[in-house]
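J.: target.cif is the file, holding mmCIF, C-alpha atoms:
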```cif
data_work
#
loop_
_atom_site.label_atom_id
_atom_site.label_comp_id
_atom_site.auth_asym_id
_atom_site.auth_seq_id
_atom_site.Cartn_x
_atom_site.Cartn_y
_atom_site.Cartn_z
CA MET A 1 46.05 18.19 192.52
CA ASN A 2 47.59 18.56 189.07
CA THR A 3 51.25 18.95 188.19
CA SER A 4 51.33 22.74 188.34
CA ASP A 5 49.45 22.77 191.66
CA ARG A 6 51.95 20.28 193.15
CA ARG A 7 54.85 22.42 191.97
CA ILE A 8 53.38 25.59 193.47
CA HIS A 9 52.71 23.81 196.77
CA SER A 10 56.27 22.48 196.77
CA GLU A 11 57.76 25.93 196.19
CA ASN A 12 55.71 27.37 199.05
CA SER A 13 56.42 24.60 201.57
CA GLY A 14 57.25 26.06 204.97
CA SER A 15 60.06 23.54 205.55
CA SER A 16 61.86 24.04 202.25
CA ASN A 17 64.67 26.17 203.73
CA GLU A 18 66.05 23.38 205.88
CA TRP A 19 64.91 20.29 203.99
CA ASP A 20 64.99 21.59 200.38
CA VAL A 21 61.63 19.98 199.64
CA GLY A 22 61.00 22.55 196.91
CA LYS A 23 63.72 20.81 194.89
CA LEU A 24 61.82 17.55 194.68
CA ASP A 25 60.71 16.51 191.20
CA VAL A 26 57.33 15.18 192.31
CA ASP A 27 56.28 13.82 188.92
CA SER A 28 59.54 11.87 188.52
CA TYR A 29 59.22 10.48 192.04
CA LEU A 30 55.65 9.31 191.40
CA ALA A 31 56.73 7.71 188.11
CA ARG A 32 59.62 5.96 189.90
CA VAL A 33 57.26 4.29 192.38
CA GLY A 34 54.52 3.68 189.81
CA TYR A 35 51.92 5.83 191.57
CA SER A 36 49.10 7.45 189.59
CA GLY A 37 46.33 7.71 192.20
CA ASP A 38 44.78 10.55 194.16
CA LEU A 39 47.02 12.98 196.03
CA ARG A 40 44.77 14.06 198.85
CA THR A 41 46.23 14.56 202.32
CA ASP A 42 44.24 11.70 203.82
CA ALA A 43 45.12 8.35 205.39
CA GLU A 44 44.25 6.32 202.30
CA THR A 45 46.63 8.33 200.11
CA LEU A 46 49.37 8.11 202.74
CA HIS A 47 49.00 4.32 202.86
CA ARG A 48 49.06 3.97 199.09
CA LEU A 49 52.12 6.21 198.69
CA HIS A 50 53.94 4.36 201.47
CA ARG A 51 53.17 0.98 199.88
CA ALA A 52 54.24 2.22 196.43
CA HIS A 53 57.58 3.40 197.79
CA ALA A 54 58.20 0.18 199.75
CA ASP A 55 57.34 -1.92 196.71
CA SER A 56 59.64 -0.01 194.36
CA ILE A 57 62.78 1.30 196.07
CA PRO A 58 65.05 -1.22 197.84
CA PHE A 59 67.05 -0.82 201.02
CA GLU A 60 70.77 -1.04 200.16
CA ASN A 61 74.18 0.18 201.36
CA LEU A 62 76.24 -0.38 198.22
CA ASN A 63 77.58 3.17 197.97
CA VAL A 64 79.00 2.78 201.49
CA VAL A 65 80.99 -0.38 200.72
CA LEU A 66 81.97 1.01 197.31
CA LYS A 67 83.43 4.05 199.12
CA HIS A 68 81.28 6.58 197.27
CA GLY A 69 79.87 8.02 200.47
CA ILE A 70 76.26 8.98 201.23
CA SER A 71 75.04 12.52 200.64
CA LEU A 72 71.82 13.61 202.35
CA TRP A 73 71.23 16.70 200.24
CA LEU A 74 67.87 16.21 198.56
CA ASP A 75 69.27 16.86 195.08
CA ASP A 76 71.70 13.98 195.55
CA VAL A 77 69.18 11.67 197.21
CA GLN A 78 66.61 12.06 194.46
CA ASP A 79 69.25 11.72 191.75
CA LYS A 80 70.30 8.38 193.22
CA LEU A 81 66.94 6.88 194.26
CA VAL A 82 64.71 8.43 191.58
CA HIS A 83 66.77 9.19 188.47
CA GLN A 84 69.43 6.47 188.78
CA GLY A 85 66.91 3.85 189.93
CA ARG A 86 69.01 2.91 192.96
CA GLY A 87 68.05 2.27 196.58
CA GLY A 88 69.49 3.54 199.82
CA TYR A 89 69.24 3.29 203.56
CA CYS A 90 66.99 4.96 206.12
CA PHE A 91 68.14 8.57 205.88
CA GLU A 92 67.90 8.59 202.10
CA HIS A 93 64.53 6.85 201.94
CA ASN A 94 62.82 8.88 204.63
CA LEU A 95 64.30 12.24 203.58
CA LEU A 96 62.94 11.59 200.10
CA PHE A 97 59.54 10.36 201.31
CA SER A 98 59.12 13.20 203.81
CA ALA A 99 59.90 15.72 201.06
CA LEU A 100 57.18 14.20 198.91
CA LEU A 101 54.66 14.28 201.74
CA GLU A 102 55.37 17.92 202.54
CA CYS A 103 55.14 18.83 198.87
CA LEU A 104 51.66 17.32 198.85
CA GLY A 105 50.61 19.15 202.02
CA PHE A 106 51.01 16.53 204.75
CA LYS A 107 52.34 17.62 208.14
CA VAL A 108 55.51 15.66 208.93
CA ARG A 109 57.73 15.34 211.99
CA ARG A 110 61.17 13.84 211.43
CA LEU A 111 62.43 11.74 214.35
CA ALA A 112 65.42 9.56 215.21
CA GLY A 113 65.42 5.98 216.45
CA ARG A 114 67.85 3.69 218.22
CA VAL A 115 68.57 0.34 216.62
CA GLN A 116 70.13 -1.66 219.45
CA ALA A 117 72.26 0.99 221.24
CA ALA A 118 73.01 3.71 218.70
CA ARG A 119 70.71 6.44 217.42
CA THR A 120 71.21 5.66 213.76
CA HIS A 121 67.72 5.54 212.27
CA MET A 122 65.28 8.05 210.77
CA LEU A 123 61.50 7.70 210.97
CA LEU A 124 58.49 9.94 210.40
CA ILE A 125 55.30 10.89 212.20
CA VAL A 126 52.73 12.03 209.65
CA GLU A 127 49.38 13.69 210.22
CA ALA A 128 46.67 12.44 207.87
CA GLY A 129 43.07 13.25 208.56
CA GLU A 130 42.58 13.31 212.32
CA THR A 131 45.19 10.61 213.00
CA GLU A 132 48.95 10.59 213.37
CA TRP A 133 50.83 7.71 211.76
CA LEU A 134 54.30 6.26 212.12
CA ALA A 135 55.63 6.10 208.56
CA ASP A 136 58.97 4.48 207.77
CA VAL A 137 60.01 3.44 204.26
CA GLY A 138 63.67 3.13 205.19
CA PHE A 139 64.07 0.40 207.79
CA GLY A 140 65.80 -2.79 206.69
CA ALA A 141 62.75 -4.81 207.74
CA THR A 142 60.68 -2.02 206.29
CA LEU A 143 57.02 -1.37 207.00
CA LEU A 144 54.83 -1.77 203.96
CA GLU A 145 52.29 0.70 205.35
CA PRO A 146 52.11 3.29 208.14
CA ILE A 147 50.99 2.33 211.67
CA PRO A 148 48.62 4.42 213.82
CA PHE A 149 50.79 6.33 216.27
CA GLU A 150 49.01 4.95 219.32
CA ASP A 151 50.14 2.90 222.29
CA GLY A 152 49.22 -0.74 221.66
CA ALA A 153 48.55 -0.26 217.95
CA VAL A 154 48.94 -3.46 215.91
CA SER A 155 49.13 -3.46 212.13
CA ARG A 156 48.97 -6.54 209.92
CA GLN A 157 50.58 -5.89 206.52
CA GLY A 158 50.30 -8.84 204.20
CA GLY A 159 51.65 -11.68 206.29
CA TRP A 160 53.74 -9.38 208.52
CA THR A 161 52.61 -7.92 211.83
CA TYR A 162 53.99 -4.85 213.59
CA GLY A 163 53.10 -3.18 216.86
CA LEU A 164 53.79 0.03 218.78
CA ALA A 165 54.22 0.32 222.53
CA GLN A 166 54.93 3.34 224.71
CA GLN A 167 57.33 2.81 227.61
CA ASP A 168 57.14 4.21 231.15
CA ASP A 169 59.84 6.77 230.31
CA GLY A 170 57.77 8.11 227.40
CA SER A 171 59.81 6.49 224.65
CA TRP A 172 58.25 4.29 221.99
CA ARG A 173 59.16 0.91 220.53
CA LEU A 174 58.36 -0.55 217.14
CA ARG A 175 58.02 -4.31 217.52
CA SER A 176 57.34 -7.48 215.57
CA PRO A 177 56.15 -10.84 216.92
CA GLU A 178 58.55 -13.76 217.19
CA ALA A 179 58.07 -17.25 218.61
CA GLU A 180 59.19 -16.08 222.07
CA GLY A 181 57.03 -12.91 222.02
CA TRP A 182 57.32 -9.35 220.77
CA MET A 183 60.80 -8.36 219.58
CA ASP A 184 61.88 -4.72 219.54
CA LEU A 185 63.00 -3.44 216.13
CA TYR A 186 63.92 0.05 217.32
CA SER A 187 63.06 2.63 219.96
CA PHE A 188 62.50 6.36 219.55
CA THR A 189 61.36 9.54 221.27
CA GLN A 190 59.33 12.45 219.91
CA GLU A 191 62.21 14.93 219.93
CA PRO A 192 62.18 16.68 216.52
CA GLN A 193 65.41 16.36 214.54
CA ARG A 194 67.20 18.92 212.41
CA PHE A 195 68.89 18.20 209.11
CA ILE A 196 72.33 18.53 210.73
CA ASP A 197 71.38 15.80 213.24
CA TYR A 198 70.96 13.32 210.41
CA VAL A 199 74.24 14.45 208.87
CA VAL A 200 75.96 13.46 212.14
CA TYR A 201 74.12 10.12 212.39
CA ASN A 202 74.85 9.42 208.73
CA HIS A 203 78.56 10.09 209.18
CA TYR A 204 78.75 7.41 211.86
CA THR A 205 76.61 4.95 209.91
CA ALA A 206 78.55 5.35 206.68
CA THR A 207 82.11 5.58 208.03
CA HIS A 208 82.62 4.23 211.54
CA PRO A 209 84.31 0.79 211.68
CA ASP A 210 81.72 -0.41 214.21
CA SER A 211 78.84 0.41 211.87
CA PRO A 212 77.24 -2.72 210.38
CA PHE A 213 76.91 -0.95 207.04
CA VAL A 214 80.61 -0.49 206.24
CA THR A 215 81.75 -4.12 206.17
CA GLN A 216 79.38 -6.01 203.89
CA PRO A 217 77.19 -5.28 200.83
CA ARG A 218 73.55 -5.52 201.83
CA ALA A 219 70.18 -5.19 200.12
CA VAL A 220 66.65 -5.83 201.40
CA MET A 221 63.28 -5.95 199.66
CA VAL A 222 60.06 -6.70 201.54
CA LYS A 223 56.95 -8.10 199.88
CA PRO A 224 53.63 -8.97 201.55
CA ASN A 225 54.65 -12.58 202.16
CA VAL A 226 58.44 -12.71 201.89
CA ARG A 227 61.48 -10.62 202.82
CA TYR A 228 64.53 -10.95 200.58
CA THR A 229 67.95 -10.10 202.00
CA LEU A 230 71.33 -10.18 200.31
CA GLY A 231 74.19 -9.99 202.78
CA GLY A 232 77.50 -10.38 201.03
CA ASN A 233 77.32 -13.67 199.15
CA THR A 234 74.36 -14.98 201.17
CA PHE A 235 70.78 -14.72 199.94
CA ILE A 236 67.97 -15.22 202.49
CA SER A 237 64.25 -15.52 201.93
CA LYS A 238 62.35 -15.09 205.21
CA TYR A 239 58.62 -15.70 205.59
CA PRO A 240 56.07 -14.34 208.06
CA ASP A 241 55.71 -17.72 209.81
CA GLY A 242 59.36 -17.46 210.86
CA THR A 243 60.76 -19.96 208.39
CA SER A 244 63.61 -18.96 206.11
CA HIS A 245 65.72 -20.29 203.27
CA LYS A 246 69.41 -19.40 202.99
CA ARG A 247 71.80 -20.10 200.13
CA GLY A 248 75.27 -19.00 199.12
CA LEU A 249 75.77 -17.20 195.83
CA SER A 250 78.70 -16.77 193.53
CA GLU A 251 79.80 -13.23 192.78
CA ASN A 252 77.98 -13.30 189.43
CA GLU A 253 74.84 -14.69 191.07
CA ALA A 254 74.93 -11.93 193.70
CA ILE A 255 75.13 -9.26 190.98
CA GLN A 256 72.26 -10.99 189.17
CA ALA A 257 70.19 -11.02 192.36
CA LEU A 258 70.76 -7.29 192.77
CA ARG A 259 69.39 -6.75 189.27
CA GLU A 260 66.49 -9.20 189.30
CA THR A 261 65.29 -9.28 192.92
CA PHE A 262 66.22 -5.80 194.12
CA ASN A 263 66.02 -3.93 190.80
CA ILE A 264 69.50 -2.44 191.33
CA THR A 265 71.67 -1.91 188.27
CA LEU A 266 75.19 -0.70 188.96
CA ALA A 267 77.59 1.06 186.64
CA PRO A 268 80.07 -1.40 185.06
CA GLU A 269 82.98 -0.09 187.14
CA ASP A 270 80.94 -0.50 190.34
CA GLU A 271 79.99 -4.05 189.38
CA THR A 272 83.67 -4.86 188.95
CA LYS A 273 84.55 -3.34 192.33
CA LEU A 274 81.65 -5.13 194.03
CA ARG A 275 82.78 -8.48 192.61
CA GLU A 276 86.20 -7.83 194.13
CA ILE A 277 84.62 -7.06 197.51
CA LEU A 278 82.49 -10.20 197.41
CA THR A 279 85.45 -12.34 196.36
CA ALA A 280 87.53 -10.96 199.24
CA GLU A 281 84.71 -11.72 201.68
CA ARG A 282 84.36 -15.27 200.37
CA THR A 283 88.12 -15.82 200.68
CA SER A 284 88.16 -14.43 204.23
CA ILE A 285 85.31 -16.71 205.32
CA ALA A 286 87.03 -19.74 203.76
CA ASP A 287 90.31 -18.87 205.53
CA GLU A 288 88.53 -18.58 208.88
CA ALA A 289 86.83 -21.92 208.33
CA ARG A 290 90.16 -23.61 207.62
CA ARG A 291 91.72 -22.13 210.78
CA SER A 292 88.84 -23.21 213.04
#
```
Represent the structure of the file as structure tokens.

T.:
Amino acid sequence: MNTSDRRIHSENSGSSNEWDVGKLDVDSYLARVGYSGDLRTDAETLHRLHRAHADSIPFENLNVVLKHGISLWLDDVQDKLVHQGRGGYCFEHNLLFSALLECLGFKVRRLAGRVQAARTHMLLIVEAGETEWLADVGFGATLLEPIPFEDGAVSRQGGWTYGLAQQDDGSWRLRSPEAEGWMDLYSFTQEPQRFIDYVVYNHYTATHPDSPFVTQPRAVMVKPNVRYTLGGNTFISKYPDGTSHKRGLSENEAIQALRETFNITLAPEDETKLREILTAERTSIADEARRS
């Protein structure tokens, strides 16, 4: 499928009214994730596109803590994640990825998941060939590749392993193995979501004081054999065997980690504001330690 064919397919997508997929700049997206392979609507292409996205665009919540807000309109999402070279969280990632897939001709269902108690996650079910796949490029412990949407499916991705299990009530759980057994990452049902549903979920996630995303800068990047996480001034490297290495960073080191590990470059004014946020967090932790 050449550039003009992709553009025509995008303009004729049946879901473009609600999801605005016709506004996606497919060529810029593919350049952003470094993808130059085939664009067939088969499982191999889906896997390669999923891996390219996961390898290139980090999970991060910086616009939340910087008080810029999170827009889910596709124009804004692609400007941030594609043209500005930034990352985002689940709604941004999976709205962008689902738009790409529909532009290319894949059939996509957009679903919502519960992380712990709240329904605050977006995931995708994608038809490729004769198989349906769970695709999710926007979870903090993100999948590198899709998983067959089948009860009992197990997928090994680099050193990481993920599994799917259907419950007696018909819901599904994405899981990963831990020393004590399978640990649930999130649960979900097959109820299709509308764009406005994600707007509501996003409002809670980006603004509610109980949301884990509003209190601390966070970035995550997953590679085949290591997961890097920056949470405030703490940098963690976690490995598939369960071991991890944690170290505290200065404000300048945290900004450097965003650039070098997560490929996130902020505008100068946002760097200054983020340093202030990190300094305040460090001071608060030190004060608590002195009081205890």

J.: Using all atoms listed in the file, which residues sit within 6 Å of segment 36-53 of chain A once same-chain residues fewer than 5 positions away are excluded, as a ChimeraX atom specification?

T.: /A:106,128-129,144-145

J.: If the PyMOL selection byres ((chain A and resi 92-98) around 8) were run on this exact file, what residues would it hold? Put them as JSON, numbers by chain.

T.: {"A": [72, 74, 77, 78, 87, 88, 89, 90, 91, 99, 100, 101, 102, 108, 110, 122, 123, 124, 136, 137, 138]}

J.: Nearest to Met221 of chain A: which of A:Ser155, A:Asn233, A:Thr272, A:Thr142 is it, counting only C-alpha atoms?

T.: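 Among the listed residues, A:Thr142 lies closest to Met221 of chain A.
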
J.: So that I can check the surroundings of segment 177-190 of chain A, please list as a list in words every protein, DNA and RNA residue that reaches within 7 Å of it, counting all atoms listed in the file and ignoring chain neighbours fewer than 6 positions away.

T.: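 Listing them by chain and then by number gives Leu111, Ala112, Gly113, Arg114, Val115, Gln116, Thr161 and Ser171 of chain A.
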
J.: If I put a ball of radius 9 Å at (46.1, -2.5, 220.5) in the file's coordinates, which residues poke into it when counting all atoms listed in the file, written as a ChimeraX atom specification?

T.: /A:150-155,163-165

J.: With a distance cut-off of 9 Å and all atoms listed in the file, select the neighbouring residues of Tyr204 of chain A, excluding the residue or stretch itself and same-chain residues fewer than 6 positions from it, and output the selection as a PDB file with C-alpha atoms, in the coordinates of the input.

T.:
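Result file part_16.pdb:
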```
ATOM      1  CA  THR A 120      71.210   5.660 213.760  1.00  0.00           C
ATOM      2  CA  ASP A 210      81.720  -0.410 214.210  1.00  0.00           C
ATOM      3  CA  SER A 211      78.840   0.410 211.870  1.00  0.00           C
TER       4      SER A 211
END
```

J.: May I have the residues within 8 Å of Tyr201 of chain A as a list in words, using all atoms listed in the file and disregarding those fewer than 3 positions away in the same chain?

T.: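 Here the qualifying residues turn out to be Arg119, Thr120, His121, Asp197, Tyr198, Tyr204 and Thr205 of chain A.
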
J.: Would you mind listing what lies within 8 Å of Val65 of chain A as a PyMOL selection string, with all atoms listed in the file counted and same-chain residues fewer than 3 positions away left out?

T.: chain A and resi 61-62+68+213-217

J.: Report the centre and edge lengths, in Å to one decimal, of an axis-aligned box enclosing every atom of segment 176-182 of chain A listed in the file, padded by 4 Å on each side, as AutoDock Vina command-line options.

T.:
```
--center_x 57.7 --center_y -12.4 --center_z 218.8 --size_x 11.0 --size_y 17.8 --size_z 14.5
```

J.: For this structure, which residues satisfy the selection - the PyMOL selection byres ((chain A and resi 83) around 12) - when it is evaluated on the file as given? I want them as a compact mmCIF listing (two decimals) with C-alpha atoms, keeping the file's coordinate frame.

T.:
```txt
# COMPACT_ATOMS: atom_id res chain seq x y z
CA LEU A 24 61.82 17.55 194.68
CA ASP A 25 60.71 16.51 191.20
CA VAL A 26 57.33 15.18 192.31
CA ASP A 27 56.28 13.82 188.92
CA SER A 28 59.54 11.87 188.52
CA TYR A 29 59.22 10.48 192.04
CA LEU A 30 55.65 9.31 191.40
CA ALA A 31 56.73 7.71 188.11
CA ARG A 32 59.62 5.96 189.90
CA VAL A 33 57.26 4.29 192.38
CA ILE A 57 62.78 1.30 196.07
CA ASP A 75 69.27 16.86 195.08
CA ASP A 76 71.70 13.98 195.55
CA VAL A 77 69.18 11.67 197.21
CA GLN A 78 66.61 12.06 194.46
CA ASP A 79 69.25 11.72 191.75
CA LYS A 80 70.30 8.38 193.22
CA LEU A 81 66.94 6.88 194.26
CA VAL A 82 64.71 8.43 191.58
CA GLN A 84 69.43 6.47 188.78
CA GLY A 85 66.91 3.85 189.93
CA ARG A 86 69.01 2.91 192.96
CA GLY A 87 68.05 2.27 196.58
```

J.: If I only have part of segment 214-225 of chain A, can you fill in N, CA and C atoms and write it as a tab-separated table (two decimals), keeping the file's coordinate frame?

T.:
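Output file out28.tsv follows:
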```
chain	number	residue	atom	x	y	z
A	214	VAL	N	79.36	-0.76	206.95
A	214	VAL	CA	80.61	-0.49	206.24
A	214	VAL	C	81.36	-1.76	205.85
A	215	THR	N	80.94	-2.91	206.37
A	215	THR	CA	81.75	-4.12	206.17
A	215	THR	C	81.23	-5.05	205.10
A	216	GLN	N	79.95	-4.99	204.77
A	216	GLN	CA	79.38	-6.01	203.89
A	216	GLN	C	78.29	-5.42	203.00
A	217	PRO	N	78.29	-5.71	201.70
A	217	PRO	CA	77.19	-5.28	200.83
A	217	PRO	C	75.88	-5.88	201.32
A	218	ARG	N	74.83	-5.07	201.29
A	218	ARG	CA	73.55	-5.52	201.83
A	218	ARG	C	72.42	-4.89	201.03
A	219	ALA	N	71.39	-5.69	200.77
A	219	ALA	CA	70.18	-5.19	200.12
A	219	ALA	C	68.98	-5.94	200.69
A	220	VAL	N	67.87	-5.23	200.84
A	220	VAL	CA	66.65	-5.83	201.40
A	220	VAL	C	65.46	-5.36	200.58
A	221	MET	N	64.54	-6.27	200.31
A	221	MET	CA	63.28	-5.95	199.66
A	221	MET	C	62.18	-6.74	200.36
A	222	VAL	N	61.15	-6.05	200.81
A	222	VAL	CA	60.06	-6.70	201.54
A	222	VAL	C	58.81	-6.73	200.66
A	223	LYS	N	58.22	-7.90	200.57
A	223	LYS	CA	56.95	-8.10	199.88
A	223	LYS	C	55.92	-8.56	200.91
A	224	PRO	N	54.64	-8.61	200.55
A	224	PRO	CA	53.63	-8.97	201.55
A	224	PRO	C	53.86	-10.31	202.23
A	225	ASN	N	54.49	-11.26	201.56
A	225	ASN	CA	54.65	-12.58	202.16
A	225	ASN	C	56.07	-13.13	202.11
```
